[in-house]
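Read through the structure below, which is laid out as structure tokens, and then see the notes.
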Amino acid sequence: MSELETIANRMRINIIRMIHAANSGHPGGSLSCADIIATLYFRIMNVNKDNINSTNRDRFILSKGHRCETLYAALTEMGVIPQEELLTFRKFGSRLQGHPSMNKCPGVDMSSGSLGQGLSVGVGMAIANKMDGNPNRVYVLCGDGECQEGMIWERAMSRSHYQLDNLCLIVDHNYLQSDGHIREIMNNSPLGKKFDSFGWNVFGVDGHDPDVLTAALMRAKTVKDKPTVIIAETVKGKGVSFMENEPDWHGKGINDQQYDQAIRELRGEDHE
């Protein structure tokens, strides 16, 4: 297991710990995007504990804010959030609420929750960077179910129009949403061809392979005059056998028995 895969695995363990402690959360999608966020924070973006409050760094917008467990886990790996604070997730008075707040938690670049809005904020940040001569990049992570929102496609049109080559959207493409399979609820495939028709540079990658993700994100930096979208193929609930590809694990708590099994699996221990 590579160093980045090890980091992503620790993040998955902390995701399970948070949701078990709160008895609520969104395990499926949080597990599916762990490799994406780990790759961004620990290989791609120029962000660290020392510059977390600076404007002179790359920005990350978690548009699907209900997956904040993964962001909190990454910030813990970075040393921004103490490990013991993770167990206050979704507790009254905690900085770590069920949707991230930029006014409470350091390292959160956008208070998100209402699906579809992250891309709009990302466009604004990317335009502002262009106007200010700021060379840093803006990264947005959204869900494939979220791409059913009309606001996504309005912003897709504006990003190409403004030639925002400093902006990169990553779609966590796990084919599931809260109520079931995307193809049965509101089929929006093929996403890549849709973004291509809006003038975007499009990559399709394995969203669980850090090296492949890294290569696509590095190539995106070389693209000029248009934004990039990376369609990352993932498995909802990745790493926990009874959660993988199960829509029921979009959002709910984890009991003690499920917690024990999930932790054993993520640690690579034998289990029944």
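Note on naming: chains are A, B, ... as they come in the structure tokens, residues start from 1 per chain, ligands start from 1 in the order shown.
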
Taking the chain letters and numbering used in this document, name the residues of region 28-190 of chain A that DSSP puts in helix (DSSP H, G or I), as a compact mmCIF listing (two decimals) with C-alpha atoms, in the first residue's frame.
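And here is the file that came out, out-v1.txt:
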# COMPACT_ATOMS: atom_id res chain seq x y z
CA GLY A 28 -21.33 5.79 1.62
CA GLY A 29 -20.25 8.90 -0.24
CA SER A 30 -17.69 9.91 2.36
CA LEU A 31 -15.87 6.62 1.84
CA SER A 32 -16.12 6.86 -1.95
CA ALA A 34 -11.52 9.54 0.37
CA ASP A 35 -8.89 8.79 -2.30
CA ILE A 36 -9.83 11.93 -4.24
CA ILE A 37 -9.54 14.25 -1.24
CA ALA A 38 -6.36 12.55 0.00
CA THR A 39 -4.75 13.03 -3.42
CA LEU A 40 -5.75 16.69 -3.54
CA TYR A 41 -4.55 17.56 -0.04
CA PHE A 42 -1.41 15.50 0.18
CA ARG A 43 -0.08 15.51 -3.38
CA ILE A 44 -1.64 18.29 -5.47
CA LYS A 49 -1.14 23.54 8.40
CA ASP A 50 0.99 26.69 8.26
CA ASN A 51 -0.83 28.44 5.39
CA GLY A 65 -21.21 19.25 1.96
CA HIS A 66 -22.86 16.25 3.59
CA ARG A 67 -19.62 14.34 2.84
CA CYS A 68 -17.78 16.61 5.28
CA GLU A 69 -16.54 13.62 7.29
CA THR A 70 -13.91 13.11 4.58
CA LEU A 71 -12.81 16.75 4.69
CA TYR A 72 -12.55 16.67 8.49
CA ALA A 73 -10.50 13.48 8.25
CA ALA A 74 -8.10 15.14 5.79
CA LEU A 75 -7.73 18.21 8.00
CA THR A 76 -6.94 15.87 10.90
CA GLU A 77 -4.21 14.18 8.83
CA MET A 78 -2.84 17.66 8.17
CA GLN A 83 -7.75 13.62 16.44
CA GLU A 84 -9.84 13.60 19.63
CA GLU A 85 -12.08 16.39 18.29
CA LEU A 86 -13.42 14.09 15.56
CA LEU A 87 -15.59 12.35 18.15
CA THR A 88 -17.50 15.61 18.67
CA GLN A 117 -23.93 25.72 -5.24
CA GLY A 118 -20.28 24.76 -4.91
CA LEU A 119 -19.57 25.09 -8.60
CA SER A 120 -21.00 28.63 -8.62
CA VAL A 121 -18.73 29.66 -5.74
CA GLY A 122 -15.79 27.99 -7.46
CA VAL A 123 -16.42 30.02 -10.60
CA GLY A 124 -16.45 33.20 -8.53
CA MET A 125 -13.19 32.28 -6.80
CA ALA A 126 -11.53 31.39 -10.10
CA ILE A 127 -12.64 34.67 -11.71
CA ALA A 128 -11.39 36.61 -8.67
CA ASN A 129 -8.00 34.88 -8.90
CA LYS A 130 -7.77 35.84 -12.57
CA MET A 131 -8.61 39.48 -11.79
CA ASP A 132 -6.11 39.63 -8.92
CA GLU A 146 -25.65 16.53 -7.63
CA CYS A 147 -25.09 16.96 -11.37
CA GLN A 148 -28.87 16.71 -11.76
CA GLY A 150 -29.64 22.93 -13.09
CA MET A 151 -27.21 25.31 -11.39
CA ILE A 152 -24.36 22.94 -12.26
CA TRP A 153 -24.98 23.39 -15.97
CA GLU A 154 -25.45 27.16 -15.76
CA ARG A 155 -22.01 27.38 -14.17
CA ALA A 156 -20.57 24.86 -16.61
CA MET A 157 -21.52 27.30 -19.34
CA SER A 158 -19.98 30.32 -17.58
CA ARG A 159 -16.73 28.55 -16.71
CA SER A 160 -15.99 27.84 -20.34
CA HIS A 161 -17.04 31.37 -21.34
CA ILE A 182 -29.08 7.58 -10.59
CA ARG A 183 -30.09 5.86 -13.82
CA GLU A 184 -33.50 5.11 -12.29
CA ILE A 185 -34.12 8.49 -10.63

Review point. Suppose you want the space between CA of Lys64 (chain A) and CA of Ala232 (chain A); what is it in Å?
Key: 14.8 Å

Exercise for review: Assign secondary structure with DSSP using the backbone only, and return the residues of region 13-215 of chain A in strand (DSSP E or B) as a PyMOL selection string.
Suggested key: chain A and resi 59-62+138-143+167-173+176-177+180-181+201-206

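Counting only C-alpha atoms, the residue from A:Leu191, A:Pro27, A:His208, A:Leu96 that sits nearest to Ile13 (chain A) is A:Pro27.
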
Practice item. Name the closest residue to Asn201 (chain A) among the candidates A:Gln257, A:Gln163, A:Asn23, A:Ser54; distances are taken between atoms, counting only C-alpha atoms. Key: A:Gln163

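Counting only C-alpha atoms, the residue from A:Gly133, A:Phe89, A:Glu3, A:Val205 that sits nearest to Ile15 (chain A) is A:Phe89.
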
Check your understanding: Pick from A:Asp172, A:Asp179, A:Asp260, A:Met186: nearest to Ile230 (chain A), with only C-alpha atoms counted?
Key -> A:Asp172

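Minimum atom-to-atom distances from A:Leu176, A:Ile81, A:Ile263, A:Leu141 to Ile231 (chain A) were compared using only C-alpha atoms, and the lowest value belongs to A:Leu141.
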
Practice item. Pick out the residues sitting within 12 Å of Lys193 (chain A), and hand them over as JSON, numbers by chain; count only C-alpha atoms, and ignore anything fewer than 4 positions along from it in its own chain. Key: {"A": [188, 189, 197, 198, 199, 200, 201, 202, 203, 204, 229, 230, 231]}
